[in-house]
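> Submitted below is the structure of interest, expressed as structure tokens.
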Amino acid sequence: MAVAVHRASSAHRAGKVALYAVLIVAGMLAALPFVWMITASFKTAEEIREFPPTFLPAEPTLDNFGTILGDPELPLITFYRNSAFVAVLNVASTLFTSSLLGYVLAKFSFRWRGAMFWFVIATMMIPTQVTMIPGYLILVQLGLLNNLWGLVLPSFFNAFGVFVMRQFMLSIPEDEIWSARVDGASEWRIYRSVVLPQLKPALATLGLLTFMFNWNSYLWPLIVLTEQDKRTLPIILYWYSNEHASQIQLVMAASILMVIPVLIVFAASQKWIVKGLTLTGAK
Amino acid sequence: MFGGRDGAQKRFVAATMTPAIVYVAIFSLLPIVWAVALAFFDFSPRRTGTPFLGLGADNPFVGLQHFKNMFDFSADAPLEVQQFHIAVKTTLIFAFLVVPLNLAITLPLASMIESVGRRSRVLFRTVFFLPVLASSVGVAIIWGYVLHPQRGLLNALLTKLTEDVTIVSWVADPSMVVVGIPVALLAILTAYLWQDIGYNLVIFIAALQAIPDSVKDAALVDGASAWQRFRYVTLPLLKPAILLTSVLTMISAFQVFDLFQVMTRGGPDDQTRVLTLDIYENAFRYQRMGWAAAVSLVLFLIVFLISRVQARMLRVEWEY
């Protein structure tokens with residue numbers, strides 16, 4: 001009996017070891033491209049041209065980062081500011097319009113409510129490729145080409161956000177709303193002091209997802225922004241990688257400076273992002 | 001008194017919904033209607049049309065001509081039609097490879113990650129989830145470097161393993177084709193899987209954690225092996241999650257743009273030309289917006305039909 005238990009536990013232990021071994025190998029494989037990028041950014045121009053390439057830098061240097069930070073053609077602060085302008089305004093407007101319309105669609109009854117909600121869901125199914133051509137022509141008419149507002153105005157209202165907020169609102173009881181009404185609070189006040197506080201967790205998740213989506217967005221900014229100093233980070237990164245294709249160490253250092261800082265913020269808040277993705281099936 | 005309250009509510013709904021409706025009409029409804037209209041015109045923004053949306057005059061109405069051209073499979077079909085055929089084929093191959101490969105990686109990986117301790121679980125999840133959070137342009141640039149013929153990691157590893165200098169041009173050599181699938185497409189597929197698996201992984205881990213321990217323990221007491229437990233207990237319980245993620249994975253696989261645009265721009269020889277890239281190039285590089293709009297409607301139709309089929313599968317599953 002004792003022998004059997006011992007045998008079972010050692011088999012169990014062997015299984016555990018195998019499990020961890022597989023996971024560690026898979027994890028290292030997944031991390032490898034990132035590591036390859038990071039080590040390259042510390043290599044000298046001579047070392048990057050060696051064949052076969054080295055894995056770890058022989059003489060680690062910070063020169064590549066210095067070159068990029070001192071490059072007058074690459075004012076990183078401008079591009080960070082452009083990206084932040086678009087992302088912050090889109091987060092603010094999305095949170096405002098989604099919570100307000102989600103609340104109205106969930107808690108008020110009026111004519112066309114069903115049709116409005118159906119339309120919101122329908123627009124989520126239309127691929128960007130369909131609406132981007134007329135969207136571009138509309139921006140031309142509005143004179144917003146090459147203008148960061150051209151990335152903000154069309155996404156002032158976000159169908160996905162409205163949908164999420166409306167679903168979340170349905171689960172919130174109406175007692176407090178009604179008692180605030182009896183107390184004589186105005187409808188705007190009820191939205192602000194009764195509804196918004198209850199939406200906080202959903203707003204945090206929606207805000208993070210919206211920020212991430214806008215920060216990494218590529219196709220629409222590529223169409224709208226053609227002047228260099230108006231561009232956002234992903235487009236600049238692509239431009240830089242083409243411009244310096246033969247100096248990979250610089251491209252990798254630039255990638256690190258443009259991608260990693262915000263990636264760390266996202267990774268630190270991944271609990272909320274994961275919650276949002278698993279609850280809503282957003283993609 | 002009560003009527004006054006009711007009036008306040010009506011005013012509130014009117015004050016919020018009116019701007020919303022106006023906005024949606026301009027930025028959601030108009031683009032959809034306009035895109036459908038464009039598909040019936042030979043429209044280029046370089047030419048002047050009538051004041052009505054620039055349609056007509058030098059941008060003539062061509063009726064169903066664009067859609068008829070799509071079925072021109074002759075050898076002397078216009079270049080954009082031939083490229084459209086390539087794009088449809090490439091997009092379908094890509095999307096239908098992504099889904100099974102993604103599931104084949106994420107399902108076992110999720111159940112492995114779910115079974116380790118809490119701390120290790122968070123660590124492993126973070127490693128696989130990081131690429132989901134990264135900008136896809138960054139992902140494309142990193143993979144371009146991993147696959148670089150002379151300086152890349154992959155060729156370096158192959159050189160070391162085979163002890164023979166290996167210089168393979170993974171994304172630029174049109175002669176490299178494996179069972180009819182261009183290697184360049186497989187290279188982008190690899191980068192996309194790397195970027196995307198973290199998403200489904202997170203969904204599956206959450207679904208696995210929702211399975212009550214009592215169910216797993218019962219199978220364990222009955223003496224089921226690890227494989228039997230996965231096959232007969234976990235898998236059936238995960239079925240709704242698997243169907244949902246395969247719908248979402250397929251829909252987003254049809255709409256991948258960034259990786260293709262940055263890594264290959266459709267090359268070599270149009271081997272990685274997908275519909276999203278075809279639409280972008282026609283609309284904004286060659287200014288053939290009427291044709292591009294028609295192609296975009298085809299993309300919409302494909303995505304719509306597939307999501308209908310999969311939604312039906314989901315409903316059947318729920319009834320069962």
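For the structure tokens, the naming scheme is as follows: chains receive sequential letters (A, B, ...) according to their order of presentation, residues are indexed from 1 within each chain, and ligands are indexed from 1 in presentation order.
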Quick one: DSSP strand (DSSP E or B) residues in region 108-270 of chain B, as an mmCIF file with C-alpha atoms, in the first residue's frame?


data_model
loop_
_atom_site.group_PDB
_atom_site.id
_atom_site.type_symbol
_atom_site.label_atom_id
_atom_site.label_comp_id
_atom_site.auth_asym_id
_atom_site.auth_seq_id
_atom_site.Cartn_x
_atom_site.Cartn_y
_atom_site.Cartn_z
ATOM 1 C CA VAL B 177 6.523 27.044 -51.991
ATOM 2 C CA VAL B 178 5.463 24.204 -49.691
ATOM 3 C CA ILE B 181 1.523 27.487 -50.011
ATOM 4 C CA PRO B 182 4.182 30.215 -50.386
#

> Which chain A residues are at most 7 Å from chain B (counting only C-alpha atoms), as a PyMOL selection string?

chain A and resi 19+27+30-31+33+37+49+51-53+104+126-127+129-131+134-135+154+187+216+218+234+238+255+259+263+266-267+274+278

> Of the residues A:Ile236, A:Met124, A:Val251, A:Leu144, which is the one nearest to Glu73 (chain A), using only C-alpha atoms?

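Checking each of A:Ile236, A:Met124, A:Val251, A:Leu144 against Glu73 (chain A), counting only C-alpha atoms, the winner is A:Ile236.
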
> Rounded to one decimal in Å, what is the spacing between CA of Pro100 (chain B) and CA of Ile242 (chain B)?

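Atom-to-atom, CA of Pro100 (chain B) to CA of Ile242 (chain B), that is 10.8 Å.
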
> Interatomic distance between CA of Thr232 (chain A) and CA of Pro261 (chain A)?

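CA of Pro261 (chain A) lies at a distance of 15.2 Å from CA of Thr232 (chain A).
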
> Could you check the closest approach to Leu32 (chain A) for each of A:Phe55, A:Tyr240, A:Phe163, A:Tyr20 and tell me which residue wins, using only C-alpha atoms?

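Distance minimum relative to Leu32 (chain A) lands on A:Phe55.
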
> So which residues of region 253-310 of chain B fall under alpha helix (DSSP H) by DSSP, listed as an NGL selection string?

:B and (253-254 or 258-263 or 275-280 or 289-310)

> Mind checking which residues fall within 12 Å of Gly276 (chain A), counting only C-alpha atoms, ignoring those fewer than 3 positions away in the same chain, and posting them as a CSV table (one decimal) with N, CA and C atoms, in the first residue's frame?


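This went into out-v4.csv:
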chain,number,residue,atom,x,y,z
A,160,PHE,N,-18.7,49.4,-30.2
A,160,PHE,CA,-18.4,48.3,-29.2
A,160,PHE,C,-18.5,48.8,-27.8
A,161,GLY,N,-18.1,50.1,-27.5
A,161,GLY,CA,-18.2,50.6,-26.2
A,161,GLY,C,-19.6,50.8,-25.7
A,164,VAL,N,-21.0,47.3,-24.8
A,164,VAL,CA,-20.5,46.8,-23.6
A,164,VAL,C,-21.2,47.5,-22.4
A,165,MET,N,-21.3,48.8,-22.5
A,165,MET,CA,-21.9,49.6,-21.4
A,165,MET,C,-23.3,49.3,-21.2
A,168,PHE,N,-23.6,46.0,-19.5
A,168,PHE,CA,-23.3,46.2,-18.1
A,168,PHE,C,-24.4,46.9,-17.3
A,201,PRO,N,-15.8,49.9,-12.7
A,201,PRO,CA,-14.9,48.8,-13.2
A,201,PRO,C,-15.0,48.6,-14.7
A,202,ALA,N,-16.2,48.7,-15.2
A,202,ALA,CA,-16.4,48.6,-16.7
A,202,ALA,C,-15.7,49.7,-17.4
A,203,LEU,N,-15.8,50.9,-16.9
A,203,LEU,CA,-15.1,52.1,-17.5
A,203,LEU,C,-13.6,51.9,-17.5
A,204,ALA,N,-13.0,51.4,-16.4
A,204,ALA,CA,-11.6,51.2,-16.4
A,204,ALA,C,-11.2,50.2,-17.5
A,205,THR,N,-11.9,49.1,-17.6
A,205,THR,CA,-11.5,48.1,-18.6
A,205,THR,C,-11.7,48.7,-20.0
A,206,LEU,N,-12.8,49.3,-20.3
A,206,LEU,CA,-13.1,49.9,-21.6
A,206,LEU,C,-12.0,51.0,-21.9
A,207,GLY,N,-11.7,51.8,-21.0
A,207,GLY,CA,-10.7,52.8,-21.2
A,207,GLY,C,-9.3,52.2,-21.6
A,208,LEU,N,-8.9,51.2,-20.9
A,208,LEU,CA,-7.6,50.5,-21.2
A,208,LEU,C,-7.6,49.9,-22.6
A,209,LEU,N,-8.7,49.2,-22.9
A,209,LEU,CA,-8.8,48.6,-24.3
A,209,LEU,C,-8.8,49.7,-25.3
A,210,THR,N,-9.5,50.8,-25.1
A,210,THR,CA,-9.6,51.8,-26.1
A,210,THR,C,-8.2,52.5,-26.3
A,269,SER,N,-1.2,46.4,-16.3
A,269,SER,CA,-2.6,46.4,-16.1
A,269,SER,C,-3.3,45.3,-16.8
A,270,GLN,N,-2.6,44.2,-17.1
A,270,GLN,CA,-3.2,43.2,-17.9
A,270,GLN,C,-4.4,42.5,-17.2
A,271,LYS,N,-4.4,42.6,-15.9
A,271,LYS,CA,-5.5,42.0,-15.2
A,271,LYS,C,-6.9,42.5,-15.7
A,272,TRP,N,-6.9,43.9,-15.9
A,272,TRP,CA,-8.1,44.5,-16.3
A,272,TRP,C,-8.4,44.2,-17.8
A,273,ILE,N,-7.3,44.2,-18.6
A,273,ILE,CA,-7.4,44.0,-20.0
A,273,ILE,C,-8.0,42.6,-20.2
A,279,LEU,N,-14.7,38.9,-20.8
A,279,LEU,CA,-16.1,39.2,-20.6
A,279,LEU,C,-16.8,39.5,-21.9
A,280,THR,N,-16.1,40.2,-22.7
A,280,THR,CA,-16.8,40.8,-23.9
A,280,THR,C,-16.5,40.1,-25.2
A,281,GLY,N,-15.4,39.3,-25.2
A,281,GLY,CA,-15.0,38.6,-26.5
A,281,GLY,C,-14.6,39.7,-27.5
A,282,ALA,N,-14.0,40.8,-27.0
A,282,ALA,CA,-13.5,41.8,-27.9
A,282,ALA,C,-12.3,41.3,-28.6
A,283,LYS,N,-12.2,41.7,-29.9
A,283,LYS,CA,-11.0,41.3,-30.6
A,283,LYS,C,-10.6,42.4,-31.6
B,199,TYR,N,-4.3,35.8,-26.9
B,199,TYR,CA,-5.6,36.2,-26.8
B,199,TYR,C,-6.5,35.0,-26.5
B,202,VAL,N,-5.9,33.3,-23.0
B,202,VAL,CA,-6.5,33.9,-21.9
B,202,VAL,C,-8.0,33.5,-21.8
B,203,ILE,N,-8.7,33.4,-22.9
B,203,ILE,CA,-10.1,33.0,-22.9
B,203,ILE,C,-10.2,31.6,-22.5
B,206,ALA,N,-9.5,31.2,-18.7
B,206,ALA,CA,-10.7,31.6,-18.0
B,206,ALA,C,-11.8,30.5,-18.0

> Interatomic distance between CA of Leu201 (chain B) and CA of Thr123 (chain A)?

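For CA of Leu201 (chain B) relative to CA of Thr123 (chain A), the distance reads 27.3 Å.
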
> So that I can see what lies close to region 82-99 of chain B, please list as a PyMOL selection string the residues with an atom at most 8 Å from it, counting only C-alpha atoms and leaving out residues fewer than 4 positions away in the same chain.

chain B and resi 70+73+77-78+103+185+189+193+246+249-250+253-254+270-275+278+295

> Applying 10 Å and only C-alpha atoms, which residues near Val168 (chain B) remain after dropping the ones on its own chain fewer than 4 positions away? List them as an MDAnalysis selection string.

chainID B and resid 147:150 152 154:155 158 172:173 176

> Print the selection's residues with N, CA and C atoms to a file, as a short mmCIF file (atom, residue, chain, number, x, y, z; two decimals), in the first residue's frame.


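Contents of result23.cif, freshly written:
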data_model
loop_
_atom_site.label_atom_id
_atom_site.label_comp_id
_atom_site.auth_asym_id
_atom_site.auth_seq_id
_atom_site.Cartn_x
_atom_site.Cartn_y
_atom_site.Cartn_z
N LEU B 147 13.67 36.81 -39.22
CA LEU B 147 13.69 36.06 -40.49
C LEU B 147 14.69 36.64 -41.50
N HIS B 148 15.46 37.65 -41.10
CA HIS B 148 16.42 38.30 -42.01
C HIS B 148 17.40 37.27 -42.58
N PRO B 149 17.64 37.29 -43.92
CA PRO B 149 18.49 36.25 -44.53
C PRO B 149 19.89 36.15 -43.91
N GLN B 150 20.60 37.29 -43.78
CA GLN B 150 21.98 37.22 -43.27
C GLN B 150 22.07 37.44 -41.77
N GLY B 152 19.46 37.27 -39.45
CA GLY B 152 18.33 36.79 -38.67
C GLY B 152 18.65 35.63 -37.74
N LEU B 154 16.69 32.96 -37.12
CA LEU B 154 16.30 31.65 -37.63
C LEU B 154 17.42 31.03 -38.45
N ASN B 155 17.97 31.81 -39.40
CA ASN B 155 19.06 31.28 -40.21
C ASN B 155 20.31 31.02 -39.37
N LEU B 158 19.69 27.70 -37.77
CA LEU B 158 19.79 26.64 -38.77
C LEU B 158 21.24 26.39 -39.15
N ALA B 172 11.11 36.76 -49.14
CA ALA B 172 11.36 37.48 -50.39
C ALA B 172 11.66 36.56 -51.58
N ASP B 173 11.61 35.24 -51.39
CA ASP B 173 11.95 34.33 -52.48
C ASP B 173 10.69 33.66 -53.02
N MET B 176 10.05 29.68 -53.28
CA MET B 176 9.87 28.78 -52.15
C MET B 176 8.38 28.58 -51.86
#

> Pick out the closest residue to Glu47 (chain A) from this set: A:Ile223, A:Thr61, A:Pro173, A:Trp188. Count only C-alpha atoms.

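So, comparing all the options, the nearest one is A:Thr61.
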